[in-house]
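Next up, upload.txt (compact mmCIF, C-alpha atoms):
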```
# COMPACT_ATOMS: atom_id res chain seq x y z
CA PHE A 630 0.00 0.00 0.00
CA GLU A 631 1.03 3.58 -0.61
CA LEU A 632 0.98 6.04 2.29
CA GLN A 633 -2.23 7.77 1.13
CA GLU A 634 -4.02 4.41 1.01
CA MET A 635 -2.94 3.54 4.55
CA ILE A 636 -4.11 6.95 5.74
CA LEU A 637 -7.47 6.49 4.00
CA HIS A 638 -7.94 3.01 5.51
CA MET A 639 -7.08 4.37 8.95
CA TYR A 640 -9.65 7.13 8.39
CA TYR A 641 -12.26 4.45 7.59
CA TYR A 642 -11.33 2.61 10.78
CA VAL A 643 -11.32 5.63 13.09
CA ASN A 644 -14.71 6.81 11.74
CA LYS A 645 -16.36 3.41 11.20
CA LYS A 646 -19.10 4.10 13.77
CA ASN A 647 -20.24 7.08 11.65
CA TYR A 648 -20.99 4.93 8.61
CA LYS A 649 -23.79 2.53 7.82
CA TYR A 650 -23.56 2.53 3.99
CA ALA A 651 -20.53 2.93 1.72
CA ILE A 652 -20.15 3.10 -2.05
CA ASP A 653 -16.91 2.35 -3.85
CA PHE A 654 -16.93 3.56 -7.47
CA GLY A 655 -13.98 2.12 -9.37
CA THR A 656 -13.39 -0.66 -6.88
CA ASN A 657 -10.66 -2.29 -9.00
CA ILE A 658 -9.60 -5.42 -7.06
CA GLY A 659 -11.83 -4.44 -4.13
CA VAL A 660 -9.30 -3.29 -1.54
CA ASP A 661 -11.31 -0.31 -0.23
CA ALA A 662 -14.58 -2.24 -0.45
CA VAL A 663 -13.16 -5.15 1.56
CA VAL A 664 -11.65 -2.78 4.14
CA LEU A 665 -14.89 -0.80 4.55
CA SER A 666 -17.05 -3.90 4.84
CA SER A 667 -14.62 -5.54 7.28
CA PHE A 668 -15.40 -2.64 9.64
CA GLY A 669 -19.10 -3.59 9.58
CA ILE A 670 -20.15 -1.04 6.97
CA LYS A 671 -22.61 -2.28 4.30
CA THR A 672 -20.63 -1.65 1.13
CA PHE A 673 -21.64 -1.51 -2.54
CA ALA A 674 -18.75 -1.71 -5.00
CA TYR A 675 -18.85 -0.95 -8.74
CA GLU A 676 -16.26 -2.10 -11.27
CA PRO A 677 -16.74 -2.39 -15.06
CA ASP A 678 -13.78 -4.77 -15.64
CA LYS A 679 -15.10 -8.28 -15.03
CA ASP A 680 -11.60 -9.74 -14.49
CA LEU A 681 -10.91 -7.27 -11.70
CA LEU A 682 -14.33 -7.98 -10.25
CA LYS A 683 -13.56 -11.72 -10.11
CA PHE A 684 -10.45 -10.94 -8.09
CA ALA A 685 -12.49 -8.70 -5.77
CA GLU A 686 -15.08 -11.45 -5.30
CA SER A 687 -12.25 -13.84 -4.40
CA SER A 688 -11.01 -11.39 -1.74
CA LYS A 689 -14.52 -11.15 -0.33
CA LYS A 690 -14.75 -14.93 -0.08
CA LYS A 691 -11.26 -15.37 1.42
CA ASN A 692 -12.05 -12.74 4.06
CA LYS A 693 -15.50 -14.26 4.76
CA ILE A 694 -17.25 -10.94 4.23
CA LYS A 695 -21.04 -10.95 4.05
CA ASN A 696 -21.98 -7.24 3.87
CA LEU A 697 -20.38 -6.44 0.50
CA ASP A 698 -22.16 -6.40 -2.86
CA PHE A 699 -20.35 -6.07 -6.18
CA PHE A 700 -21.82 -4.73 -9.43
CA SER A 701 -20.27 -5.37 -12.84
CA TYR A 702 -20.60 -1.90 -14.28
CA GLY A 703 -19.11 1.51 -13.67
CA ILE A 704 -20.50 4.98 -13.05
CA LEU A 705 -20.53 7.58 -15.80
CA ASN A 706 -22.67 10.51 -16.96
CA GLU A 707 -24.67 8.27 -19.34
CA ASN A 708 -26.00 4.72 -19.59
CA LYS A 709 -23.78 3.25 -22.25
CA THR A 710 -21.35 0.51 -23.18
CA LYS A 711 -17.96 2.16 -23.70
CA THR A 712 -14.48 1.14 -24.75
CA PHE A 713 -12.39 0.53 -21.65
CA VAL A 714 -8.59 0.57 -21.82
CA LYS A 715 -7.17 -2.20 -19.66
CA VAL A 716 -3.54 -1.27 -18.92
CA LEU A 717 -1.97 -4.70 -18.55
CA ASN A 718 1.07 -3.81 -16.43
CA ASN A 719 -0.81 -1.34 -14.22
CA LEU A 720 -4.45 -2.29 -13.68
CA ASN A 721 -4.84 0.77 -11.44
CA ALA A 722 -4.55 2.88 -14.61
CA SER A 723 -7.36 1.17 -16.56
CA HIS A 724 -9.90 3.73 -17.75
CA ILE A 725 -12.53 4.73 -20.28
CA LYS A 726 -10.80 5.33 -23.60
CA GLY A 727 -9.70 8.96 -23.83
CA ALA A 728 -10.27 9.78 -20.13
CA ARG A 729 -6.58 9.91 -19.21
CA GLY A 730 -3.10 9.30 -20.44
CA PHE A 731 -1.24 6.03 -19.92
CA TYR A 732 1.68 4.03 -21.22
CA GLY A 733 2.50 0.36 -21.61
CA ARG A 734 0.83 -2.70 -22.99
CA HIS A 735 -2.94 -2.60 -23.00
CA LYS A 736 -6.04 -4.06 -24.54
CA GLU A 737 -9.43 -2.56 -25.21
CA ILE A 738 -12.58 -4.19 -23.90
CA LYS A 739 -16.25 -3.21 -23.89
CA CYS A 740 -17.74 -2.38 -20.48
CA LYS A 741 -21.11 -1.18 -19.19
CA PHE A 742 -21.61 2.15 -17.44
CA LYS A 743 -24.62 3.76 -15.78
CA LYS A 744 -25.61 7.16 -14.47
CA PHE A 745 -25.99 7.43 -10.70
CA GLN A 746 -29.78 7.80 -11.08
CA SER A 747 -29.95 4.52 -13.03
CA MET A 748 -28.13 2.49 -10.41
CA ASN A 749 -31.23 2.01 -8.28
CA ILE A 750 -29.46 3.13 -5.09
CA LYS A 751 -32.19 3.34 -2.46
CA PHE A 752 -30.22 5.04 0.31
CA ILE A 753 -27.92 7.98 0.84
CA PRO A 754 -24.43 6.65 1.44
CA ASP A 755 -22.50 7.88 4.46
CA ILE A 756 -19.20 7.59 2.63
CA MET A 757 -18.14 7.22 -1.01
CA LYS A 758 -14.82 6.58 -2.67
CA ILE A 759 -14.68 7.68 -6.32
CA ASN A 760 -11.58 6.67 -8.25
CA ILE A 761 -12.58 6.26 -11.87
CA GLU A 762 -9.36 7.22 -13.59
CA GLY A 763 -10.04 10.60 -15.13
CA SER A 764 -13.83 10.49 -15.49
CA GLU A 765 -14.61 11.93 -12.05
CA GLY A 766 -15.32 15.41 -13.45
CA LYS A 767 -18.02 14.03 -15.75
CA VAL A 768 -19.72 12.06 -12.99
CA VAL A 769 -19.99 14.47 -10.06
CA SER A 770 -22.80 16.53 -11.59
CA THR A 771 -24.95 13.40 -12.02
CA ILE A 772 -24.93 12.65 -8.29
CA PRO A 773 -27.88 14.32 -6.48
CA ASP A 774 -27.24 17.30 -4.19
CA LYS A 775 -28.73 15.45 -1.19
CA VAL A 776 -25.94 12.88 -1.52
CA TRP A 777 -23.21 15.54 -1.61
CA ARG A 778 -24.67 17.31 1.41
CA ASN A 779 -25.00 14.14 3.53
CA CYS A 780 -22.00 12.04 2.57
CA GLU A 781 -18.25 12.12 3.02
CA VAL A 782 -16.51 11.58 -0.30
CA PHE A 783 -12.95 10.79 -1.29
CA ILE A 784 -12.21 11.52 -4.95
CA GLU A 785 -8.95 10.89 -6.74
CA ILE A 786 -7.88 13.67 -9.09
CA HIS A 787 -5.95 12.54 -12.16
CA ASP A 788 -4.99 15.64 -14.10
CA LYS A 789 -5.41 19.40 -14.41
CA LYS A 790 -8.59 19.17 -16.52
CA ASN A 791 -10.20 16.79 -14.04
CA ARG A 792 -9.12 19.00 -11.12
CA GLU A 793 -10.69 22.09 -12.72
CA GLN A 794 -13.97 20.27 -13.47
CA LEU A 795 -14.20 19.09 -9.87
CA TRP A 796 -13.17 22.42 -8.36
CA ASN A 797 -15.74 24.32 -10.46
CA PHE A 798 -18.51 21.87 -9.58
CA PHE A 799 -17.89 21.96 -5.84
CA ARG A 800 -17.46 25.74 -5.82
CA LYS A 801 -20.72 26.23 -7.73
CA LYS A 802 -22.53 23.96 -5.25
CA ASN A 803 -20.88 25.71 -2.28
CA LEU A 804 -19.62 22.39 -0.91
CA ASN A 805 -16.66 22.09 1.43
CA ILE A 806 -13.74 20.18 -0.03
CA PHE A 807 -10.44 19.26 1.53
```

How does the structure come out when it is put into structure tokens?
Amino acid sequence: FELQEMILHMYYYVNKKNYKYAIDFGTNIGVDAVVLSSFGIKTFAYEPDKDLLKFAESSKKKNKIKNLDFFSYGILNENKTKTFVKVLNNLNASHIKGARGFYGRHKEIKCKFKKFQSMNIKFIPDIMKINIEGSEGKVVSTIPDKVWRNCEVFIEIHDKKNREQLWNFFRKKNLNIF
């Protein structure tokens, strides 16, 4: 783990009593989802790459976790099947084609994506992790205001364009960001 991941996992642990529901967008191999659910938080994890999702399911089983549900699609600003770039030597860099830069061997696969409103989420999460490799700026405006005002959110920022989209959105909505 990198230092920022250890800090984030410690934050989950220290604040676990504040959370009932968590959402992990861009779960990858499920590390954050497994950590959150291991603290007793009902967790919903979304990953469009079915190979990564199989690995995440394996981690769930090995850790005997019951309160974790995986979904085989990602979040986006539209309901659509898109080309997904699977970076073979760095699966943490896999992304929707054109969303970010990358290097190395890769293959393109087709993956399903949905808007937040189409995901049939029937609760307001207490905490969300959004790490969708450069598409965060497109997604934030599709998430309802009541979620932003009642949920702690950790978002990874991948480049200057993404940073500006996020900054402008949160400033316009008058939301605190740290």

(request) Tell me, in Å to one decimal, how far CA of Lys767 in chain A is from CA of Glu793 in chain A. (result) 11.3 Å

Excluding same-chain residues fewer than 2 positions from range 696-698 of chain A, what lies within 9 Å of it counting all atoms listed in the file, as a JSON list (two decimals) with C-alpha atoms, in the frame of the given file?
```json
[["chain", "number", "residue", "atom", "x", "y", "z"],
["A", 662, "ALA", "CA", -14.58, -2.24, -0.45],
["A", 663, "VAL", "CA", -13.16, -5.15, 1.56],
["A", 665, "LEU", "CA", -14.89, -0.80, 4.55],
["A", 666, "SER", "CA", -17.05, -3.90, 4.84],
["A", 667, "SER", "CA", -14.62, -5.54, 7.28],
["A", 669, "GLY", "CA", -19.10, -3.59, 9.58],
["A", 670, "ILE", "CA", -20.15, -1.04, 6.97],
["A", 671, "LYS", "CA", -22.61, -2.28, 4.30],
["A", 672, "THR", "CA", -20.63, -1.65, 1.13],
["A", 673, "PHE", "CA", -21.64, -1.51, -2.54],
["A", 674, "ALA", "CA", -18.75, -1.71, -5.00],
["A", 675, "TYR", "CA", -18.85, -0.95, -8.74],
["A", 689, "LYS", "CA", -14.52, -11.15, -0.33],
["A", 694, "ILE", "CA", -17.25, -10.94, 4.23],
["A", 700, "PHE", "CA", -21.82, -4.73, -9.43]]
```

Polymer residues at most 9 Å from Val768 in chain A, all atoms listed in the file, same-chain spacing of 4 or more positions, as a PDB file with C-alpha atoms, in the frame of the given file:
```pdb
ATOM      1  CA  ILE A 704     -20.500   4.980 -13.050  1.00  0.00           C
ATOM      2  CA  LEU A 705     -20.530   7.580 -15.800  1.00  0.00           C
ATOM      3  CA  ASN A 706     -22.670  10.510 -16.960  1.00  0.00           C
ATOM      4  CA  GLU A 707     -24.670   8.270 -19.340  1.00  0.00           C
ATOM      5  CA  LYS A 744     -25.610   7.160 -14.470  1.00  0.00           C
ATOM      6  CA  PHE A 745     -25.990   7.430 -10.700  1.00  0.00           C
ATOM      7  CA  SER A 764     -13.830  10.490 -15.490  1.00  0.00           C
ATOM      8  CA  ILE A 772     -24.930  12.650  -8.290  1.00  0.00           C
TER       9      ILE A 772
END
```

(request) Have a look at CA of Ser688 in chain A and CA of Lys736 in chain A and let me know their distance in Å, one decimal. (result)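 Spanning CA of Ser688 in chain A to CA of Lys736 in chain A is a straight-line distance of 24.5 Å.
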
(request) Rank nothing, just name the residue among A:Phe654, A:Glu781, A:Ile753, A:Asp661 nearest to Met639 in chain A, using all atoms listed in the file. (result)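 Closest to Met639 in chain A of all the choices is A:Asp661.
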
(request) One decimal, Å: what's the distance from CA of Ile761 in chain A over to CA of His724 in chain A, could you say? (result)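 Between these atoms lies a distance of 6.9 Å.
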
(request) Excluding Asn647 in chain A and any residue of its chain fewer than 2 positions from it, enumerate the residues within 12 Å of it, using only C-alpha atoms, and give them as a ChimeraX atom specification. (result) /A:640-645,649-651,665,668-670,754-756,779-781

(message) Here is a test: counting all atoms listed in the file, which residue of A:Val776, A:Ile652, A:Val769, A:Cys740 is nearest to Arg792 in chain A?
(response) A:Val769

(request) Around the point (-27.3, 23.1, -1.5), in the coordinates given by the file, pick out the residues reaching within 9 Å, counting only C-alpha atoms, and return them as a list in words. (result)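 Every residue inside that radius is included here: Asp774, Lys775, Trp777, Arg778, Lys802, Asn803 and Leu804 of chain A.
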
(message) If we draw a sphere of 8 Å around (-20.0, -4.6, -15.0), which residues have at least one atom in it when counting only C-alpha atoms? Please report them as a list in words.
(response)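 Returned residue set, sorted by chain then number, is Tyr675, Glu676, Pro677, Asp678, Lys679, Phe700, Ser701, Tyr702, Gly703, Cys740, Lys741 and Phe742 of chain A.
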
(message) When you look at Glu737 in chain A with a cut-off of 9 Å (counting only C-alpha atoms), what residues show up, excluding the ones that are within fewer than 4 positions of it in the same chain? I need them as a list in words.
(response)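 Within the cut-off, the hits are Thr712, Phe713, Val714, Lys715, Val716 and Lys726 of chain A.
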
(request) Counting only C-alpha atoms, figure out which residue out of A:Phe684, A:Lys743, A:Glu785, A:Ile759 gets nearest to Thr710 in chain A. (result) A:Lys743

Determine, counting only C-alpha atoms, which protein, DNA and RNA residues have an atom within 9 Å of an atom of Lys790 in chain A; residues of the same chain fewer than 5 positions away are not included. Present the result as a PDB file with C-alpha atoms, in the coordinates of the input.
```pdb
ATOM      1  CA  GLY A 763     -10.040  10.600 -15.130  1.00  0.00           C
ATOM      2  CA  GLY A 766     -15.320  15.410 -13.450  1.00  0.00           C
ATOM      3  CA  LEU A 795     -14.200  19.090  -9.870  1.00  0.00           C
TER       4      LEU A 795
END
```
